file structure.txt (compact mmCIF, C-alpha atoms and all ligand atoms)
# COMPACT_ATOMS: atom_id res chain seq x y z
CA MET A 231 0.00 0.00 0.00
CA THR A 232 1.34 3.43 -0.83
CA ILE A 233 1.52 5.99 1.91
CA GLN A 234 -0.48 9.12 1.32
CA LYS A 235 1.52 12.26 1.84
CA ARG A 236 -0.31 15.35 3.00
CA ILE A 237 2.04 18.28 3.19
CA ALA A 238 1.80 22.02 3.71
CA ILE A 239 4.28 24.58 2.50
CA TYR A 240 4.44 27.62 4.76
CA GLY A 241 6.44 30.81 4.34
CA LYS A 242 6.30 34.57 4.07
CA GLY A 243 4.00 35.99 1.38
CA GLY A 244 5.75 36.57 -1.94
CA ILE A 245 8.59 34.18 -1.19
CA GLY A 246 7.61 31.76 -3.96
CA LYS A 247 5.39 29.21 -2.23
CA SER A 248 3.05 28.85 -5.18
CA SER A 249 5.77 28.34 -7.76
CA THR A 250 7.55 25.86 -5.50
CA ALA A 251 4.32 23.99 -4.74
CA SER A 252 3.25 23.80 -8.37
CA ASN A 253 6.67 22.71 -9.61
CA VAL A 254 6.90 20.02 -6.93
CA ALA A 255 3.39 18.89 -7.90
CA ALA A 256 4.37 18.74 -11.57
CA ALA A 257 7.62 16.88 -10.82
CA CYS A 258 5.73 14.27 -8.79
CA ALA A 259 3.14 13.91 -11.55
CA ASP A 260 6.02 13.32 -13.98
CA GLU A 261 7.02 10.38 -11.79
CA GLY A 262 3.51 8.93 -12.06
CA TYR A 263 2.21 9.96 -8.64
CA LYS A 264 -1.42 11.02 -8.21
CA VAL A 265 -1.16 14.59 -7.01
CA MET A 266 -3.57 17.22 -5.78
CA ILE A 267 -2.67 20.83 -5.04
CA ILE A 268 -4.95 22.83 -2.76
CA GLY A 269 -4.23 26.53 -2.96
CA CYS A 270 -5.26 28.31 0.22
CA ASP A 271 -3.91 31.71 -0.68
CA PRO A 272 -6.52 34.42 -1.32
CA LYS A 273 -4.66 35.31 -4.55
CA SER A 274 -5.59 31.82 -5.75
CA ASP A 275 -2.57 31.43 -8.00
CA SER A 276 -1.26 28.08 -6.76
CA SER A 277 -2.60 26.15 -9.70
CA ILE A 278 -2.49 28.66 -12.53
CA THR A 279 0.82 27.38 -13.92
CA LEU A 280 -0.48 23.82 -13.94
CA LEU A 281 -3.49 24.89 -16.00
CA GLY A 282 -1.79 26.73 -18.84
CA GLY A 283 -2.53 30.13 -17.27
CA LYS A 284 -6.23 29.45 -16.68
CA ARG A 285 -7.84 30.61 -13.43
CA ILE A 286 -10.34 28.31 -11.80
CA PRO A 287 -13.27 29.35 -9.62
CA THR A 288 -12.55 29.22 -5.91
CA ILE A 289 -14.63 27.13 -3.52
CA LEU A 290 -15.34 30.08 -1.24
CA ASP A 291 -16.47 32.32 -4.12
CA LEU A 292 -18.87 29.64 -5.34
CA LEU A 293 -20.23 29.05 -1.84
CA ARG A 294 -20.70 32.78 -1.38
CA ASP A 295 -22.61 32.95 -4.65
CA GLY A 296 -24.94 30.26 -3.35
CA VAL A 297 -23.86 27.70 -5.96
CA ASP A 298 -24.67 24.07 -5.24
CA VAL A 299 -21.01 23.11 -5.66
CA LYS A 300 -20.21 19.93 -7.63
CA GLU A 301 -16.90 18.13 -7.92
CA GLU A 302 -16.33 19.27 -11.50
CA ASP A 303 -16.83 22.92 -10.49
CA VAL A 304 -13.87 22.98 -8.13
CA ILE A 305 -11.49 20.15 -9.06
CA HIS A 306 -9.76 20.89 -12.35
CA GLU A 307 -7.24 18.60 -13.97
CA GLY A 308 -4.01 20.22 -15.01
CA TYR A 309 -0.55 19.12 -16.13
CA LYS A 310 -0.24 15.32 -16.21
CA GLY A 311 -3.51 14.92 -14.33
CA VAL A 312 -2.61 17.04 -11.28
CA LYS A 313 -5.91 17.86 -9.57
CA CYS A 314 -6.09 21.56 -8.85
CA VAL A 315 -8.28 23.17 -6.20
CA GLU A 316 -8.39 26.79 -5.10
CA VAL A 317 -9.94 27.59 -1.74
CA GLY A 318 -10.01 31.37 -2.23
CA GLY A 319 -10.02 34.06 0.40
CA PRO A 320 -12.43 35.51 2.92
CA GLU A 321 -14.34 38.69 2.24
CA PRO A 322 -12.04 41.57 3.18
CA GLY A 323 -12.90 42.91 6.59
CA ILE A 324 -15.34 40.13 7.39
CA GLY A 325 -14.25 36.50 7.08
CA CYS A 326 -11.37 34.54 8.57
CA ALA A 327 -8.94 32.90 6.12
CA GLY A 328 -8.29 29.94 8.39
CA ARG A 329 -11.98 29.29 8.94
CA GLY A 330 -12.51 29.61 5.18
CA ILE A 331 -9.96 26.88 4.52
CA ILE A 332 -11.79 24.50 6.84
CA VAL A 333 -15.21 25.23 5.32
CA ALA A 334 -13.77 24.73 1.85
CA ILE A 335 -12.08 21.42 2.68
CA GLN A 336 -15.24 20.13 4.38
CA THR A 337 -17.15 20.95 1.21
CA LEU A 338 -14.52 19.21 -0.89
CA LYS A 339 -14.70 16.07 1.25
CA LYS A 340 -18.47 16.01 0.89
CA ILE A 341 -18.53 16.25 -2.90
CA SER A 342 -15.45 14.24 -3.89
CA LYS A 343 -13.58 11.07 -3.02
CA SER A 344 -10.40 12.38 -4.64
CA LEU A 345 -8.82 13.39 -1.35
CA ASN A 346 -8.55 9.71 -0.42
CA GLU A 347 -7.15 8.62 -3.76
CA MET A 348 -4.08 10.82 -3.97
CA ASP A 349 -0.45 9.87 -3.33
CA LEU A 350 0.40 13.47 -2.52
CA ILE A 351 -1.75 16.41 -1.43
CA ILE A 352 0.01 19.76 -1.24
CA TYR A 353 -1.54 22.61 0.74
CA ASP A 354 -0.14 25.95 -0.31
CA VAL A 355 -0.85 28.00 2.81
CA PRO A 356 -0.30 31.69 3.53
CA GLY A 357 1.95 32.08 6.50
CA ASP A 358 3.03 35.62 7.31
CA ILE A 359 0.99 35.49 10.46
CA VAL A 360 0.91 32.20 12.24
CA CYS A 361 -2.41 32.71 13.93
CA GLY A 362 -4.65 29.83 14.90
CA GLY A 363 -6.49 30.29 11.63
CA PHE A 364 -3.56 29.52 9.40
CA VAL A 365 -2.57 26.40 11.27
CA ALA A 366 -6.16 25.15 11.07
CA PRO A 367 -5.36 22.54 8.37
CA ILE A 368 -2.81 20.98 10.73
CA ARG A 369 -5.10 21.12 13.74
CA LYS A 370 -7.85 19.45 11.77
CA GLY A 371 -5.51 16.61 10.82
CA LEU A 372 -5.58 17.50 7.12
CA VAL A 373 -1.83 18.00 6.99
CA LYS A 374 0.79 15.55 8.21
CA GLU A 375 4.04 17.22 7.18
CA ALA A 376 5.01 20.87 7.30
CA TYR A 377 7.76 22.43 5.19
CA VAL A 378 8.92 26.01 5.49
CA LEU A 379 10.09 28.05 2.54
CA THR A 380 12.41 31.01 3.05
CA SER A 381 15.21 32.98 1.45
CA GLY A 382 18.34 34.18 3.23
CA GLU A 383 16.96 37.66 3.93
CA TYR A 384 15.96 38.74 7.40
CA MET A 385 12.19 39.16 6.91
CA PRO A 386 11.48 35.76 5.32
CA LEU A 387 13.71 34.14 7.94
CA TYR A 388 11.86 36.02 10.66
CA ALA A 389 8.58 34.64 9.27
CA ALA A 390 10.10 31.14 8.97
CA ASN A 391 11.28 31.29 12.57
CA ASN A 392 7.82 32.40 13.69
CA ILE A 393 6.20 29.57 11.77
CA CYS A 394 8.54 27.13 13.55
CA ARG A 395 7.51 28.63 16.88
CA GLY A 396 3.86 28.16 15.90
CA LEU A 397 4.44 24.55 14.80
CA ALA A 398 6.12 23.69 18.11
CA LYS A 399 3.21 25.29 19.99
CA ILE A 400 0.74 22.97 18.35
CA ASN A 401 3.08 20.01 18.63
CA THR A 402 3.61 19.63 14.91
CA PRO A 403 7.01 18.55 13.67
CA LEU A 404 8.80 20.25 10.82
CA SER A 405 9.92 18.11 7.90
CA GLY A 406 12.40 20.53 6.41
CA ILE A 407 13.43 23.98 5.25
CA ILE A 408 13.52 24.93 1.57
CA CYS A 409 15.47 27.95 0.37
CA ASN A 410 14.06 29.89 -2.57
CA SER A 411 17.04 32.04 -3.38
CA ARG A 412 16.87 35.80 -3.79
CA SER A 413 20.56 35.87 -4.67
CA VAL A 414 21.67 37.58 -1.47
CA SER A 415 25.24 37.01 -0.33
CA ARG A 416 26.07 33.88 1.68
CA GLU A 417 22.45 32.81 1.27
CA GLU A 418 22.89 29.05 1.21
CA GLU A 419 25.20 29.24 4.21
CA ILE A 420 22.73 31.40 6.20
CA VAL A 421 19.72 29.21 5.51
CA THR A 422 21.68 26.00 6.11
CA LYS A 423 22.77 27.37 9.47
CA PHE A 424 19.25 28.51 10.33
CA ALA A 425 17.87 25.08 9.46
CA SER A 426 20.44 23.29 11.58
CA GLU A 427 20.09 25.66 14.56
CA ILE A 428 16.34 25.07 14.74
CA GLY A 429 17.10 21.34 14.59
CA SER A 430 16.09 20.70 10.99
CA GLU A 431 17.86 20.58 7.65
CA LEU A 432 17.91 22.30 4.29
CA MET A 433 16.01 20.17 1.79
CA ALA A 434 16.81 22.20 -1.32
CA PHE A 435 18.40 25.41 -2.50
CA ILE A 436 16.36 26.70 -5.43
CA PRO A 437 18.50 29.12 -7.43
CA LYS A 438 17.00 32.41 -8.59
CA GLU A 439 16.68 31.96 -12.30
CA GLN A 440 14.79 34.07 -14.80
CA ILE A 441 13.37 30.96 -16.45
CA VAL A 442 11.04 30.44 -13.46
CA GLN A 443 9.50 33.89 -13.97
CA ASP A 444 9.34 33.45 -17.73
CA CYS A 445 7.48 30.13 -17.45
CA GLU A 446 5.12 31.60 -14.86
CA ARG A 447 4.34 34.57 -17.06
CA ASP A 448 3.40 32.20 -19.87
CA GLY A 449 1.21 30.23 -17.45
CA PHE A 450 3.34 27.09 -17.17
CA SER A 451 5.43 25.31 -14.60
CA VAL A 452 9.15 24.98 -15.21
CA MET A 453 8.66 21.23 -15.35
CA GLU A 454 6.38 21.62 -18.34
CA LYS A 455 8.03 24.47 -20.21
CA ALA A 456 11.71 24.01 -19.38
CA PRO A 457 12.12 20.42 -18.18
CA ASP A 458 15.83 20.33 -19.07
CA SER A 459 16.75 23.51 -17.20
CA ASN A 460 19.00 23.50 -14.18
CA VAL A 461 16.19 24.66 -11.89
CA ALA A 462 13.90 21.86 -13.13
CA LYS A 463 16.50 19.38 -11.89
CA VAL A 464 16.42 21.06 -8.47
CA TYR A 465 12.62 20.82 -8.28
CA ARG A 466 12.81 17.18 -9.36
CA LYS A 467 15.29 16.40 -6.60
CA LEU A 468 13.20 18.27 -4.03
CA ALA A 469 10.06 16.40 -5.10
CA GLN A 470 11.85 13.08 -4.72
CA ALA A 471 13.20 14.09 -1.30
CA ILE A 472 9.68 15.04 -0.15
CA MET A 473 8.20 11.75 -1.37
CA GLU A 474 10.91 9.80 0.45
CA ARG A 475 10.95 11.90 3.61
CA ASP A 476 10.05 9.95 6.72
CA SER A 477 11.64 11.99 9.46
CA SER A 478 10.78 15.29 11.07
CA VAL A 479 11.72 17.28 14.16
CA MET A 480 10.05 19.57 16.66
CA PRO A 481 11.66 22.87 15.64
CA GLU A 482 13.25 25.07 18.28
CA ALA A 483 12.81 28.67 17.15
CA LEU A 484 15.77 31.02 17.57
CA ASP A 485 15.60 34.16 19.65
CA ASP A 486 15.49 37.38 17.70
CA GLU A 487 19.05 38.39 18.55
CA ARG A 488 20.47 35.16 17.13
CA LEU A 489 18.32 35.51 14.04
CA ARG A 490 19.68 39.00 13.40
CA GLU A 491 23.24 37.82 13.96
CA LEU A 492 22.74 35.03 11.47
CA THR A 493 21.66 37.37 8.67
CA LYS A 494 24.33 40.04 9.23
S1 LIG B 1 -7.72 34.54 12.76
FE1 LIG B 1 -5.95 34.34 11.42
S2 LIG B 1 -6.77 33.42 9.55
FE2 LIG B 1 -8.48 34.27 10.69
S3 LIG B 1 -8.72 36.35 9.92
FE3 LIG B 1 -7.41 36.48 11.70
S4 LIG B 1 -5.35 36.42 10.85
FE4 LIG B 1 -6.70 35.62 9.28

call {"tool": "encode", "arguments": {"input": "structure.txt", "output": "structure tokens"}}
result
Amino acid sequence: MTIQKRIAIYGKGGIGKSSTASNVAAACADEGYKVMIIGCDPKSDSSITLLGGKRIPTILDLLRDGVDVKEEDVIHEGYKGVKCVEVGGPEPGIGCAGRGIIVAIQTLKKISKSLNEMDLIIYDVPGDIVCGGFVAPIRKGLVKEAYVLTSGEYMPLYAANNICRGLAKINTPLSGIICNSRSVSREEEIVTKFASEIGSELMAFIPKEQIVQDCERDGFSVMEKAPDSNVAKVYRKLAQAIMERDSSVMPEALDDERLRELTK
């Protein structure tokens, strides 16, 4: 029996969670795995590069419009059969993003059996603020493994450190740190050190390469549009590492002074 992986990728907004999630999804699909990506970011752009640039309706928008939601309305097949779902965001000033994610997933479970049939489910979760709302998918048992994406700059590391603090609070182990490079000096060294000091390890160093942006602009993943590129190899290796990962640690967040020292 294959083990079903249910992972979440957390990290500061704008750090590249969606492109990492979609490229990992595509790389796993290339290997023949059944993959679903559930975008929980209000921007709903987790799946756009798996669907040739097409936007799909979000579950929360449909529910708000009073639609009697069916499986085919919200699960859209993209690159190599990756099932794409977008949760959408709350109404500004009213709803709670975390609560929205739970409502959306409950709806999904009701209308589709797909969640049980996947080898890998990736939740692409916003994570600037690690309030109770954003860790809801973990609390509800939807997610089994948490990964944190960061670059070597102070702010993304600050967010990553905070996420680790939040994970430890709710007794959820961390499976690894991923660095999405912004080409700052000593970046790999800084993030490797950060990962080891919180008790974890660096799973991948994704170089900053224009090809990622170019593919995204055209509405494709790197795996689809530039499968022979250097960065595609990195995503492939990361995807394999995630599928094989069977260890995790309770992260020990650093104090702010140490974090600042690390990024100097
Ligand atoms: S509780 Fe958290 S998820 Fe909910 S609205 Fe506030 S910040 Fe957002």

call {"tool": "atom_distance", "arguments": {"input": "structure.txt", "atom1": "CA of Gly296 in chain A", "atom2": "atom S4 of ligand LIG 1 (chain B)"}}
result
25.0 Å

call {"tool": "closest_residue", "arguments": {"input": "structure.txt", "among": "A:Gly371, A:Gly429, A:Pro272, A:Gly283", "to": "ligand LIG 1 (chain B)", "atoms": "all atoms listed in the file"}}
result
A:Pro272

call {"tool": "residues_near_point", "arguments": {"input": "structure.txt", "point": "(-4.6, 14.7, -6.3)", "cutoff": "10 Å", "atoms": "all atoms listed in the file", "output": "list of chain:residue names"}}
result
A:Ala255, A:Ala259, A:Tyr263, A:Lys264, A:Val265, A:Met266, A:Ile267, A:Ile268, A:Ile305, A:Glu307, A:Gly311, A:Val312, A:Lys313, A:Cys314, A:Val315, A:Ser344, A:Leu345, A:Asn346, A:Glu347, A:Met348, A:Asp349, A:Leu350, A:Ile351, A:Ile352

call {"tool": "axis_aligned_box", "arguments": {"input": "structure.txt", "around": "range 367-380 of chain A", "padding_each_side": "4 Å", "output": "AutoDock Vina command-line options"}}
result
--center_x 2.3 --center_y 23.3 --center_z 8.1 --size_x 28.3 --size_y 23.5 --size_z 19.2

call {"tool": "closest_residue", "arguments": {"input": "structure.txt", "among": "A:Val360, A:Cys270, A:Ile332, A:Ala462", "to": "Ser248 in chain A", "atoms": "all atoms listed in the file"}}
result
A:Cys270

call {"tool": "closest_residue", "arguments": {"input": "structure.txt", "among": "A:Arg475, A:Lys310, A:Arg412, A:Arg329", "to": "ligand LIG 1 (chain B)", "atoms": "all atoms listed in the file"}}
result
A:Arg329

call {"tool": "closest_residue", "arguments": {"input": "structure.txt", "among": "A:Glu302, A:Ile428, A:Ser277, A:Leu492", "to": "Tyr384 in chain A", "atoms": "only C-alpha atoms"}}
result
A:Leu492

call {"tool": "residues_around", "arguments": {"input": "structure.txt", "residues": "Ile436 in chain A", "least_positions_apart": "3", "cutoff": "9 Å", "atoms": "all atoms listed in the file", "output": "list in words"}}
result
Thr250, Ile408, Cys409, Asn410, Ser411, Glu439, Val461, Val464 and Tyr465 of chain A

call {"tool": "closest_residue", "arguments": {"input": "structure.txt", "among": "A:Gly396, A:Pro356, A:Gly382, A:Gly362", "to": "ligand LIG 1 (chain B)", "atoms": "all atoms listed in the file"}}
result
A:Gly362

call {"tool": "closest_residue", "arguments": {"input": "structure.txt", "among": "A:Glu418, A:Asp271, A:Asp303, A:Glu446", "to": "ligand LIG 1 (chain B)", "atoms": "all atoms listed in the file"}}
result
A:Asp271

call {"tool": "residues_near_ligand", "arguments": {"input": "structure.txt", "ligand": "ligand LIG 1 (chain B)", "cutoff": "8 Å", "atoms": "only C-alpha atoms and all ligand atoms", "output": "count of residues only"}}
result
12

call {"tool": "decode", "arguments": {"input": "structure.txt", "residues": "range 481-493 of chain A", "atoms": "all heavy atoms", "output": "short mmCIF file (atom, residue, chain, number, x, y, z; two decimals), in the first residue's frame"}}
result
data_model
loop_
_atom_site.label_atom_id
_atom_site.label_comp_id
_atom_site.auth_asym_id
_atom_site.auth_seq_id
_atom_site.Cartn_x
_atom_site.Cartn_y
_atom_site.Cartn_z
N PRO A 481 10.68 21.78 15.79
CA PRO A 481 11.66 22.87 15.64
C PRO A 481 11.80 23.72 16.90
O PRO A 481 10.82 23.93 17.62
CB PRO A 481 11.06 23.70 14.51
CG PRO A 481 9.60 23.43 14.55
CD PRO A 481 9.44 22.03 15.05
N GLU A 482 13.02 24.16 17.14
CA GLU A 482 13.25 25.07 18.28
C GLU A 482 13.58 26.44 17.70
O GLU A 482 14.70 26.67 17.21
CB GLU A 482 14.42 24.57 19.12
CG GLU A 482 14.00 23.45 20.04
CD GLU A 482 15.15 23.04 20.94
OE1 GLU A 482 15.84 23.93 21.48
OE2 GLU A 482 15.34 21.83 21.09
N ALA A 483 12.62 27.35 17.75
CA ALA A 483 12.81 28.67 17.15
C ALA A 483 13.96 29.41 17.82
O ALA A 483 14.22 29.23 19.01
CB ALA A 483 11.52 29.46 17.26
N LEU A 484 14.64 30.24 17.03
CA LEU A 484 15.77 31.02 17.57
C LEU A 484 15.23 32.28 18.24
O LEU A 484 14.14 32.76 17.91
CB LEU A 484 16.71 31.42 16.43
CG LEU A 484 17.21 30.30 15.53
CD1 LEU A 484 18.16 30.89 14.48
CD2 LEU A 484 17.92 29.23 16.34
N ASP A 485 16.04 32.86 19.14
CA ASP A 485 15.60 34.16 19.65
C ASP A 485 15.99 35.23 18.62
O ASP A 485 16.82 34.99 17.74
CB ASP A 485 16.11 34.45 21.07
CG ASP A 485 17.61 34.50 21.15
OD1 ASP A 485 18.23 34.97 20.18
OD2 ASP A 485 18.16 34.07 22.18
N ASP A 486 15.36 36.37 18.74
CA ASP A 486 15.49 37.38 17.70
C ASP A 486 16.93 37.85 17.51
O ASP A 486 17.38 38.10 16.39
CB ASP A 486 14.58 38.57 18.01
CG ASP A 486 14.32 39.37 16.76
OD1 ASP A 486 14.12 38.75 15.70
OD2 ASP A 486 14.36 40.61 16.84
N GLU A 487 17.66 37.92 18.63
CA GLU A 487 19.05 38.39 18.55
C GLU A 487 19.89 37.45 17.69
O GLU A 487 20.65 37.88 16.82
CB GLU A 487 19.62 38.43 19.98
CG GLU A 487 20.78 39.37 20.11
CD GLU A 487 21.30 39.35 21.54
OE1 GLU A 487 20.48 39.24 22.47
OE2 GLU A 487 22.52 39.41 21.69
N ARG A 488 19.71 36.16 17.90
CA ARG A 488 20.47 35.16 17.13
C ARG A 488 20.08 35.21 15.64
O ARG A 488 20.93 35.10 14.76
CB ARG A 488 20.21 33.76 17.70
CG ARG A 488 20.90 32.65 16.96
CD ARG A 488 22.43 32.74 17.02
NE ARG A 488 23.08 31.87 16.06
CZ ARG A 488 24.08 32.24 15.27
NH1 ARG A 488 24.57 33.46 15.31
NH2 ARG A 488 24.62 31.38 14.44
N LEU A 489 18.80 35.43 15.42
CA LEU A 489 18.32 35.51 14.04
C LEU A 489 18.96 36.69 13.31
O LEU A 489 19.39 36.58 12.17
CB LEU A 489 16.80 35.66 14.06
CG LEU A 489 16.08 35.32 12.76
CD1 LEU A 489 16.28 33.87 12.38
CD2 LEU A 489 14.59 35.60 12.90
N ARG A 490 19.06 37.81 14.01
CA ARG A 490 19.68 39.00 13.40
C ARG A 490 21.16 38.74 13.14
O ARG A 490 21.69 39.09 12.08
CB ARG A 490 19.52 40.21 14.32
CG ARG A 490 18.16 40.83 14.20
CD ARG A 490 18.03 42.08 15.05
NE ARG A 490 16.64 42.46 15.15
CZ ARG A 490 15.98 43.12 14.20
NH1 ARG A 490 16.59 43.48 13.11
NH2 ARG A 490 14.71 43.41 14.35
N GLU A 491 21.81 38.14 14.09
CA GLU A 491 23.24 37.82 13.96
C GLU A 491 23.49 36.96 12.72
O GLU A 491 24.43 37.18 11.97
CB GLU A 491 23.65 36.99 15.17
CG GLU A 491 24.72 37.61 16.06
CD GLU A 491 24.88 36.75 17.29
OE1 GLU A 491 25.13 35.52 17.15
OE2 GLU A 491 24.70 37.31 18.37
N LEU A 492 22.61 36.00 12.56
CA LEU A 492 22.74 35.03 11.47
C LEU A 492 22.69 35.71 10.10
O LEU A 492 23.38 35.30 9.17
CB LEU A 492 21.57 34.04 11.59
CG LEU A 492 21.74 32.64 11.08
CD1 LEU A 492 22.84 31.94 11.86
CD2 LEU A 492 20.44 31.87 11.25
N THR A 493 21.87 36.74 9.98
CA THR A 493 21.66 37.37 8.67
C THR A 493 22.58 38.57 8.43
O THR A 493 22.51 39.19 7.39
CB THR A 493 20.20 37.82 8.52
OG1 THR A 493 19.82 38.56 9.69
CG2 THR A 493 19.27 36.65 8.36
#
